[in-house]
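Reading through the C-alpha cells given below for one structure.
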Amino acid sequence: MRLRNITGSREVIAESAYVVHEPKDYKGRWTEIFGNDHKIRIEIGMGKGRFIMDLARMNPDINYVGIEKYSSVLLRGIQKMETEPLPNLYFIRMEAEEITEVFGPGEVDKIYLNFSDPWPKDRHAKRRLPSREFLHRYDEILVKDGVIEFKTDNPDLFRFALDEIEPAGWNLEQMTEDLHHNKEMMKDNVMTEYEEKFSSMGNPIYKYIISR
Ligand code: SAH
C-alpha cells in the first residue's frame, strides 16, 4: 500500500507516543514497553492498522505490535489511535527485513501477514513476506509453538507461500482457498482493510496457518 506522500507524516510519527522509535533498543525487552509480560503478537505490513487495532481492542490481555514501512500509511493508524488509544498496541515504522534486530528469540507469540505485497517478478521473490528467507527470520523470533497466519487474495502469492513451507522447515497446520466459505477457519476471523475490499469484489480469500 502506498499513499500519496503526506507532508509532515514523518514529523507526526517522530512525535507519536504510539510509535516505538528505536525498536532495536528493545530487543529482548519488550515487556518494558508494555509494562507487563503478556504475549506479543505482531502484524507485518499492517497498512492503516484496522486489523491489529480490532484485535487489540478485543484482547486487552494480549500485546500487539503493528509494523509498516511507509510513514504515509502508518500515519492513518496513528490518527486512529489518537481518537481511540489502546494501551496494548504499539506501532513501528520499519522494513521487515530487520525484524530479528527488533525482537529476541521466542519474544513473539504469533505473526500475522495480511495481503502482503506480491512482488510478481521472480528476482524479487526474496522480498515476499512469506518467502523462505523471511520464514527463517520468523523462526528466530517466534516462540517454539508459535504460528504464522497468512491471508491473501493473490493465487500466485499463495501458491508460492505454500511451496516455501517445507523447504524452510515449517509445517502446514490449516489452509483454505476460500476462507469466507470455510466455517471453521472463519470462526474468529477479523477482516483487514484489503480483505474487505477484495472479498467485496468477489475474490476468494486464501489463508494458511503454519508452525514448525
Ligand atoms: N495488512 C493490511 C495492508 C495490506 S497492504 C491489510 O490487509 O489491509 C501491505 C502492506 O504491507 C503495505 O502497507 C506495505 O507498505 C506493507 N509492507 C510490505 N512490505 C513490507 C516490509 N518489507 N516491511 C514493512 N512493511 C511492509
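By order of appearance in the C-alpha cells: chains A, B, ..., then residues from 1 within every chain, and ligands from 1 in the order shown.
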
**Request:** Skip Ser9 of chain A itself and residues of its chain fewer than 4 positions away, then list as a ChimeraX atom specification all residues within 8 Å of it, counting only C-alpha atoms.
**Result:** /A:13,71-72,75

**Prompt:** How would you write, as a list in words, the set of residues in segment 104-138 of chain A that DSSP gives as strand (DSSP E or B)?
**Reply:** Val108, Asp109, Lys110, Ile111, Tyr112, Leu113 and Asn114 of chain A

Generate the output file for the selected residues, C-alpha atoms, as a compact mmCIF listing (two decimals), in the first residue's frame.
```
# COMPACT_ATOMS: atom_id res chain seq x y z
CA VAL A 108 6.88 -13.11 19.62
CA ASP A 109 3.87 -15.38 20.20
CA LYS A 110 2.23 -15.11 16.76
CA ILE A 111 2.88 -13.42 13.41
CA TYR A 112 0.15 -12.16 11.10
CA LEU A 113 0.79 -11.49 7.41
CA ASN A 114 -2.21 -9.97 5.68
```

Distance query segment 178-194 of chain A at most 6 Å, only C-alpha atoms, self and fewer than 2 positions along chain excluded, as an mmCIF file with C-alpha atoms, in the first residue's frame:
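Below is the file that was written, selection-v9.cif:
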```cif
data_model
loop_
_atom_site.group_PDB
_atom_site.id
_atom_site.type_symbol
_atom_site.label_atom_id
_atom_site.label_comp_id
_atom_site.auth_asym_id
_atom_site.auth_seq_id
_atom_site.Cartn_x
_atom_site.Cartn_y
_atom_site.Cartn_z
ATOM 1 C CA PHE A 51 -6.971 -5.463 11.778
ATOM 2 C CA THR A 176 -8.292 -22.836 2.779
ATOM 3 C CA GLU A 196 -12.968 -6.260 2.892
ATOM 4 C CA LYS A 197 -12.116 -4.573 -0.389
ATOM 5 C CA PHE A 198 -11.114 -7.692 -2.320
ATOM 6 C CA PRO A 204 -11.850 -15.661 -2.765
ATOM 7 C CA ILE A 205 -9.547 -15.222 0.212
ATOM 8 C CA TYR A 206 -6.753 -17.743 0.792
#
```

**Request:** For segment 15-21 of chain A, please output as an NGL selection string all residues within 8 Å (counting only C-alpha atoms; exclusion window: fewer than 3 positions along the same chain).
**Result:** :A and (11-12 or 78 or 81 or 89-93)

Around ligand 1, out to 8 Å and counting only C-alpha atoms and all ligand atoms, which residues are there? I want them as a compact mmCIF listing (two decimals) with N, CA and C atoms, in the first residue's frame.
```txt
# COMPACT_ATOMS: atom_id res chain seq x y z
N MET A 1 0.85 -1.18 0.00
CA MET A 1 0.00 0.00 0.00
C MET A 1 0.89 1.23 0.00
N ARG A 2 0.59 2.15 -0.90
CA ARG A 2 1.35 3.40 -0.93
C ARG A 2 0.36 4.52 -1.06
N GLU A 43 1.76 -7.87 13.53
CA GLU A 43 1.34 -7.90 12.12
C GLU A 43 2.40 -7.19 11.31
N ILE A 44 2.94 -7.90 10.31
CA ILE A 44 3.97 -7.30 9.47
C ILE A 44 3.30 -6.81 8.19
N GLY A 45 3.41 -5.50 7.94
CA GLY A 45 2.71 -4.89 6.81
C GLY A 45 1.27 -4.59 7.19
N MET A 46 1.10 -3.79 8.25
CA MET A 46 -0.24 -3.60 8.82
C MET A 46 -1.09 -2.61 8.03
N GLY A 47 -0.49 -1.88 7.08
CA GLY A 47 -1.26 -0.88 6.35
C GLY A 47 -1.81 0.16 7.31
N LYS A 48 -3.09 0.47 7.17
CA LYS A 48 -3.69 1.52 8.02
C LYS A 48 -4.07 1.01 9.40
N GLY A 49 -3.91 -0.30 9.64
CA GLY A 49 -3.96 -0.80 11.01
C GLY A 49 -5.30 -1.27 11.54
N ARG A 50 -6.29 -1.35 10.69
CA ARG A 50 -7.61 -1.73 11.22
C ARG A 50 -7.61 -3.10 11.89
N PHE A 51 -7.00 -4.09 11.26
CA PHE A 51 -6.97 -5.46 11.78
C PHE A 51 -6.34 -5.52 13.17
N ILE A 67 3.58 -3.38 12.33
CA ILE A 67 4.79 -2.95 11.62
C ILE A 67 4.42 -2.52 10.20
N GLU A 68 4.92 -1.35 9.81
CA GLU A 68 4.61 -0.81 8.49
C GLU A 68 5.79 0.01 8.02
N LYS A 69 6.13 -0.13 6.73
CA LYS A 69 7.33 0.58 6.28
C LYS A 69 7.07 2.00 5.79
N TYR A 70 5.83 2.30 5.40
CA TYR A 70 5.59 3.65 4.85
C TYR A 70 4.96 4.60 5.86
N VAL A 73 1.29 5.69 5.31
CA VAL A 73 0.29 4.67 5.64
C VAL A 73 0.15 4.55 7.16
N LEU A 74 1.30 4.49 7.83
CA LEU A 74 1.32 4.38 9.29
C LEU A 74 0.59 5.55 9.95
N ARG A 93 7.63 1.90 12.53
CA ARG A 93 7.86 2.15 11.11
C ARG A 93 9.20 1.54 10.76
N MET A 94 9.19 0.47 10.04
CA MET A 94 10.45 -0.20 9.70
C MET A 94 10.27 -1.14 8.51
N GLU A 95 11.38 -1.53 7.95
CA GLU A 95 11.45 -2.55 6.90
C GLU A 95 11.54 -3.91 7.61
N ALA A 96 10.64 -4.81 7.24
CA ALA A 96 10.53 -6.09 7.95
C ALA A 96 11.79 -6.95 7.88
N GLU A 97 12.65 -6.68 6.91
CA GLU A 97 13.90 -7.46 6.83
C GLU A 97 14.73 -7.37 8.11
N LEU A 113 0.46 -12.10 8.69
CA LEU A 113 0.79 -11.49 7.41
C LEU A 113 -0.53 -11.37 6.65
N ASN A 114 -0.94 -10.16 6.36
CA ASN A 114 -2.21 -9.97 5.68
C ASN A 114 -2.03 -9.20 4.39
N PHE A 115 -2.37 -9.84 3.27
CA PHE A 115 -2.36 -9.18 1.96
C PHE A 115 -1.02 -8.53 1.67
N SER A 116 0.02 -9.34 1.88
CA SER A 116 1.40 -8.90 1.66
C SER A 116 1.61 -8.58 0.18
N ASP A 117 2.52 -7.65 -0.08
CA ASP A 117 2.83 -7.27 -1.46
C ASP A 117 3.27 -8.51 -2.24
N ARG A 127 11.79 -10.82 -1.46
CA ARG A 127 11.13 -9.71 -0.75
C ARG A 127 9.73 -10.08 -0.27
N ARG A 128 9.20 -11.20 -0.79
CA ARG A 128 7.84 -11.59 -0.40
C ARG A 128 7.84 -12.01 1.07
N LEU A 129 6.90 -11.50 1.83
CA LEU A 129 6.94 -11.75 3.28
C LEU A 129 6.75 -13.22 3.67
N LYS A 151 -2.96 -14.38 5.14
CA LYS A 151 -4.14 -14.27 4.27
C LYS A 151 -3.77 -13.45 3.03
N THR A 152 -4.37 -13.83 1.90
CA THR A 152 -4.17 -13.07 0.66
C THR A 152 -5.30 -13.40 -0.29
N MET A 191 -11.54 -9.14 9.86
CA MET A 191 -11.30 -8.66 8.49
C MET A 191 -10.25 -7.56 8.48
N THR A 192 -9.43 -7.58 7.44
CA THR A 192 -8.48 -6.50 7.25
C THR A 192 -9.09 -5.53 6.22
N GLU A 193 -8.45 -4.38 6.07
CA GLU A 193 -8.95 -3.42 5.09
C GLU A 193 -8.94 -4.02 3.67
N TYR A 194 -7.84 -4.66 3.30
CA TYR A 194 -7.74 -5.26 1.97
C TYR A 194 -8.71 -6.42 1.80
N GLU A 195 -8.89 -7.16 2.87
CA GLU A 195 -9.79 -8.31 2.81
C GLU A 195 -11.22 -7.86 2.49
```

**Asked** Looking at only C-alpha atoms, which of A:Glu164, A:Glu107, A:Asp54, A:Glu98 is the one that sits closest to His38 of chain A?
**Response**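 Closest to His38 of chain A of all the choices is A:Glu107.
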
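Those residues in segment 68-97 of chain A carrying a DSSP assignment of alpha helix (DSSP H), computed from the backbone, are Ser71, Ser72, Val73, Leu74, Leu75, Arg76, Gly77, Ile78, Gln79, Lys80, Met81, Glu82 and Thr83 of chain A.
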
**Request:** Please indicate the distance in Å from atom CA of Ala168 of chain A to atom CA of Gly28 of chain A, rounded to one decimal place.
**Result:** 24.3 Å

**Request:** May I ask for the distance between atom CA of Gly104 of chain A and atom CA of Ser211 of chain A, given in Å to one decimal place?
**Result:**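 According to the coordinates, atom CA of Gly104 of chain A and atom CA of Ser211 of chain A are separated by 18.2 Å.
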